[in-house]
Every structure is written in C-alpha cells, then in structure tokens.
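Please read the structure below before turning to the comments.
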Amino acid sequence: MTITQSLFYFLAFVAIFCSLLVVLAKNPVHSVLYLIITFFAFTGHYILLNAQFVGIVNIIVYAGAIMVLFLFVIMLLNFNEGTETHKPNLVKFAGAITGGLVLVVLVASLQTLQQSNPVKLNNADIGLVKNLGKVLFNEFLLPFEVVSILFLSAMVGAVLLARKENN
Amino acid sequence: MENITQAITLVPINHYILFSTIIFIIGIIGVLTRRNAIIVFMSIELMLNAVNLLLAAFSAYRGDASGQIFVFFIMAVAAAEVAVGLAIIVMTYRNTNSIDINFLNKLKN
C-alpha cells in the first residue's frame, strides 16, 4: 500500500467519522466544529486528486465563510444543549432504516459494475488555476455571469428576511 | 509535476463512489432524524460536499476539467442557499422563539 492509498483511506475514515459525529452530537457548536474537520478532510481529498484550486476554494468558502456564518447564527440565537426537543424513537429508527436501505441499494448497484480502473490523471495540470480559468471563461461564461445575479438576489433576500419588522 | 501525476494512480474509482455514497447517506439520515433546523442545514451541506467530491474524482478520472467547474458552481449555489436559509432561521427564531422544524408546520394554514 503506497502513501497515496493510505492517505486516501485515512482521510476517508476521518471524514466519515466526523460527519457521523456532526449528525450525532448533542451540542450544535460541536456539530459545527466536526463539520469543519470534515471539510478539511475533503480538502485533503481534493489535493490528492491534484485539484488544488477546488481544494483552496473549499477551505475559503466552506470552512471560512459558511461555517463562520453558522457559528454566528448559533451564538446569536444562544442555543443550549437542552433546548432541542427530540423526535420520537420510532421516527429516528425509521429514518436510520431508510438511509440504510438507500445505502444498500446504491452499494448493490455498484457491486454489479466491473472491476473498476484506478483514477489516473492523464492531464496533470487539469486542476490548476490557469487551465480552470480558461475553461471557465470560455465554455462556462454565461453560467458564470448568471451566478453573479444569483448572488445579488441571495444578498437582497437575506437582508430583506433578516430585517426587523417595524410593526 | 510528473511525480504528483504518478502518485495518484492507485485508488480505484469505486472507492471514491463508495465513500461519497456513505457521506451522502449520513447527510440523509441527519435530515430525517434531527429536529434542530441548523443541524438539518449542516446535513444538507454534507450531501453537497459528497457530490462535489464525486464530481472532482470523475473530473480527474475522465481528464475533463468541466467537473471541477461544476464543483465551483455548486459551491456558489451552496453559499447563496446558506445565506438565505440562515436568514429564514433567524426570522423564525425571532417570531416563534424556537428553531424546531416541526414548529414550522403552521406554514400550511
């Protein structure tokens, strides 16, 4: 087993373990911290795939911006451990069974595939900023501009929703 | 650069699919079993990240950069979704003093 393989399995284990803890943790702040660890493990996966740009953007956008937003909201609303009411055990059990069944179906359909080839990078600089920028600003120029409109509308919507009503 | 290229050749694509599936299922279970709206949001983020990783893996597998551009767009949509969603949660908390998602079934009246 080479160092790449062991790194892949180690990062996969860390990501699965921490995402389980995200779902299972009682305190929402702990969930956010475990989610940040999960995102760092995902960044490690991106770097293993030689997609450095996506990895760095993952750290900046997810671990940097989105998680800070989550933490701010949790601290603003002042949650404690005891405030959450829990679903009945039957509903929890049914949810876990449903997820497990979806997993079984997907894995079973995966097993019917042929023995898969390893991920081989034919073109090593595919994930670098130069190449991605060329593709983004040639083939995907229109979606890129539409995303800016999406951000504008999201910004207006967030400000409008979070504003205090004056009545 | 050639050393990096040679080093990545050993993990089968099936293992990437399996790993992403497991993370996605954990997100589904989180959405189905928790009542705290913020934890439900975090589970949705987990599912989006699983899809992102699979897109990046297929992008490297096929040698096509479009997959990583899709990851970029999914991150943009996720950021917008989180901003609007957290604003809705704050507004709900201000009006009802709770972020229990079962409390929101009064929307249907």
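Identifiers for the structure tokens are assigned positionally: chains receive A, B, ... in sequence, residues are indexed from 1 per chain, and ligands are indexed from 1 in the order shown.
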
(request) Pick out the chain B residues within 6 Å of chain A. Count only C-alpha atoms. Give them as a PyMOL selection string. (result) chain B and resi 5+9-13+25+29-30+32-33+60-61+63+65+80+84+87+91

For the selection you just gave me, I'd like the residues written to a file as a PDB file, in the first residue's frame, keeping N, CA, C and O atoms.
ATOM      1  N   THR B   5       1.731  13.277 -10.607  1.00  0.00           N
ATOM      2  CA  THR B   5       0.850  12.552 -11.516  1.00  0.00           C
ATOM      3  C   THR B   5       0.929  11.058 -11.289  1.00  0.00           C
ATOM      4  O   THR B   5      -0.082  10.367 -11.252  1.00  0.00           O
ATOM      5  N   THR B   9      -2.279   7.295  -8.970  1.00  0.00           N
ATOM      6  CA  THR B   9      -2.872   6.318  -9.884  1.00  0.00           C
ATOM      7  C   THR B   9      -3.420   5.094  -9.193  1.00  0.00           C
ATOM      8  O   THR B   9      -3.792   4.151  -9.874  1.00  0.00           O
ATOM      9  N   LEU B  10      -3.498   5.056  -7.890  1.00  0.00           N
ATOM     10  CA  LEU B  10      -3.705   3.747  -7.264  1.00  0.00           C
ATOM     11  C   LEU B  10      -5.055   3.551  -6.579  1.00  0.00           C
ATOM     12  O   LEU B  10      -5.374   2.443  -6.197  1.00  0.00           O
ATOM     13  N   VAL B  11      -5.850   4.599  -6.407  1.00  0.00           N
ATOM     14  CA  VAL B  11      -7.131   4.423  -5.727  1.00  0.00           C
ATOM     15  C   VAL B  11      -8.203   4.145  -6.786  1.00  0.00           C
ATOM     16  O   VAL B  11      -8.375   4.927  -7.705  1.00  0.00           O
ATOM     17  N   PRO B  12      -8.943   3.031  -6.658  1.00  0.00           N
ATOM     18  CA  PRO B  12      -9.977   2.744  -7.662  1.00  0.00           C
ATOM     19  C   PRO B  12     -11.116   3.755  -7.585  1.00  0.00           C
ATOM     20  O   PRO B  12     -11.415   4.276  -6.511  1.00  0.00           O
ATOM     21  N   ILE B  13     -11.756   4.007  -8.710  1.00  0.00           N
ATOM     22  CA  ILE B  13     -12.857   4.976  -8.737  1.00  0.00           C
ATOM     23  C   ILE B  13     -14.034   4.465  -7.916  1.00  0.00           C
ATOM     24  O   ILE B  13     -14.780   5.247  -7.349  1.00  0.00           O
ATOM     25  N   ILE B  25     -25.350   9.399   2.501  1.00  0.00           N
ATOM     26  CA  ILE B  25     -26.354   8.721   3.325  1.00  0.00           C
ATOM     27  C   ILE B  25     -26.347   9.278   4.745  1.00  0.00           C
ATOM     28  O   ILE B  25     -27.410   9.430   5.365  1.00  0.00           O
ATOM     29  N   ILE B  29     -29.602  10.747   6.652  1.00  0.00           N
ATOM     30  CA  ILE B  29     -30.055  10.325   7.977  1.00  0.00           C
ATOM     31  C   ILE B  29     -30.145  11.527   8.918  1.00  0.00           C
ATOM     32  O   ILE B  29     -31.077  11.650   9.723  1.00  0.00           O
ATOM     33  N   GLY B  30     -29.179  12.461   8.775  1.00  0.00           N
ATOM     34  CA  GLY B  30     -29.243  13.661   9.601  1.00  0.00           C
ATOM     35  C   GLY B  30     -30.480  14.481   9.326  1.00  0.00           C
ATOM     36  O   GLY B  30     -31.123  14.984  10.250  1.00  0.00           O
ATOM     37  N   LEU B  32     -33.307  13.361   8.202  1.00  0.00           N
ATOM     38  CA  LEU B  32     -34.525  12.652   8.604  1.00  0.00           C
ATOM     39  C   LEU B  32     -34.686  12.555  10.105  1.00  0.00           C
ATOM     40  O   LEU B  32     -35.810  12.443  10.591  1.00  0.00           O
ATOM     41  N   THR B  33     -33.572  12.575  10.876  1.00  0.00           N
ATOM     42  CA  THR B  33     -33.720  12.250  12.294  1.00  0.00           C
ATOM     43  C   THR B  33     -33.582  13.432  13.230  1.00  0.00           C
ATOM     44  O   THR B  33     -33.905  13.294  14.403  1.00  0.00           O
ATOM     45  N   ALA B  60     -11.089  14.082 -12.570  1.00  0.00           N
ATOM     46  CA  ALA B  60      -9.724  13.582 -12.704  1.00  0.00           C
ATOM     47  C   ALA B  60      -9.695  12.265 -13.473  1.00  0.00           C
ATOM     48  O   ALA B  60      -8.769  12.001 -14.243  1.00  0.00           O
ATOM     49  N   TYR B  61     -10.727  11.442 -13.278  1.00  0.00           N
ATOM     50  CA  TYR B  61     -10.768  10.117 -13.907  1.00  0.00           C
ATOM     51  C   TYR B  61     -10.913  10.236 -15.415  1.00  0.00           C
ATOM     52  O   TYR B  61     -10.264   9.517 -16.185  1.00  0.00           O
ATOM     53  N   GLY B  63     -10.303  13.051 -17.171  1.00  0.00           N
ATOM     54  CA  GLY B  63      -9.423  14.048 -17.759  1.00  0.00           C
ATOM     55  C   GLY B  63     -10.174  15.220 -18.350  1.00  0.00           C
ATOM     56  O   GLY B  63      -9.775  15.790 -19.356  1.00  0.00           O
ATOM     57  N   ALA B  65     -11.974  18.954 -17.463  1.00  0.00           N
ATOM     58  CA  ALA B  65     -11.992  19.988 -16.428  1.00  0.00           C
ATOM     59  C   ALA B  65     -13.393  20.470 -16.093  1.00  0.00           C
ATOM     60  O   ALA B  65     -13.565  21.183 -15.110  1.00  0.00           O
ATOM     61  N   ALA B  80     -25.054  30.833  -1.479  1.00  0.00           N
ATOM     62  CA  ALA B  80     -26.281  31.624  -1.557  1.00  0.00           C
ATOM     63  C   ALA B  80     -27.387  30.986  -0.739  1.00  0.00           C
ATOM     64  O   ALA B  80     -28.112  31.655   0.011  1.00  0.00           O
ATOM     65  N   VAL B  84     -29.456  32.676   2.562  1.00  0.00           N
ATOM     66  CA  VAL B  84     -30.910  32.848   2.636  1.00  0.00           C
ATOM     67  C   VAL B  84     -31.502  31.965   3.724  1.00  0.00           C
ATOM     68  O   VAL B  84     -32.368  32.399   4.499  1.00  0.00           O
ATOM     69  N   ALA B  87     -30.929  33.299   7.171  1.00  0.00           N
ATOM     70  CA  ALA B  87     -31.797  34.459   7.398  1.00  0.00           C
ATOM     71  C   ALA B  87     -33.204  34.000   7.757  1.00  0.00           C
ATOM     72  O   ALA B  87     -33.838  34.552   8.666  1.00  0.00           O
ATOM     73  N   MET B  91     -35.183  34.685  11.287  1.00  0.00           N
ATOM     74  CA  MET B  91     -36.513  35.287  11.307  1.00  0.00           C
ATOM     75  C   MET B  91     -37.503  34.389  12.050  1.00  0.00           C
ATOM     76  O   MET B  91     -38.316  34.865  12.861  1.00  0.00           O
TER      77      MET B  91
END

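Note that the spacing between atom CA of Val71 of chain B and atom CA of Leu48 of chain B amounts to 9.5 Å.
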
(message) Counting only C-alpha atoms, which residue out of B:Asn97, B:Arg62, B:Ala56, B:Gly27 sits closest to Met42 of chain B?
(response)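 The shortest atom-to-atom distance to Met42 of chain B comes from B:Gly27.
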
(message) For the alpha helix (DSSP H) assignment from backbone DSSP, which residues of chain A qualify? Please present them as a PyMOL selection string.
(response) chain A and resi 3-24+28-48+52-58+67-77+89-111+129-138+141-162

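If you look at atom CA of Ser20 of chain B and atom CA of Ile69 of chain B, they are 18.5 Å away from each other.
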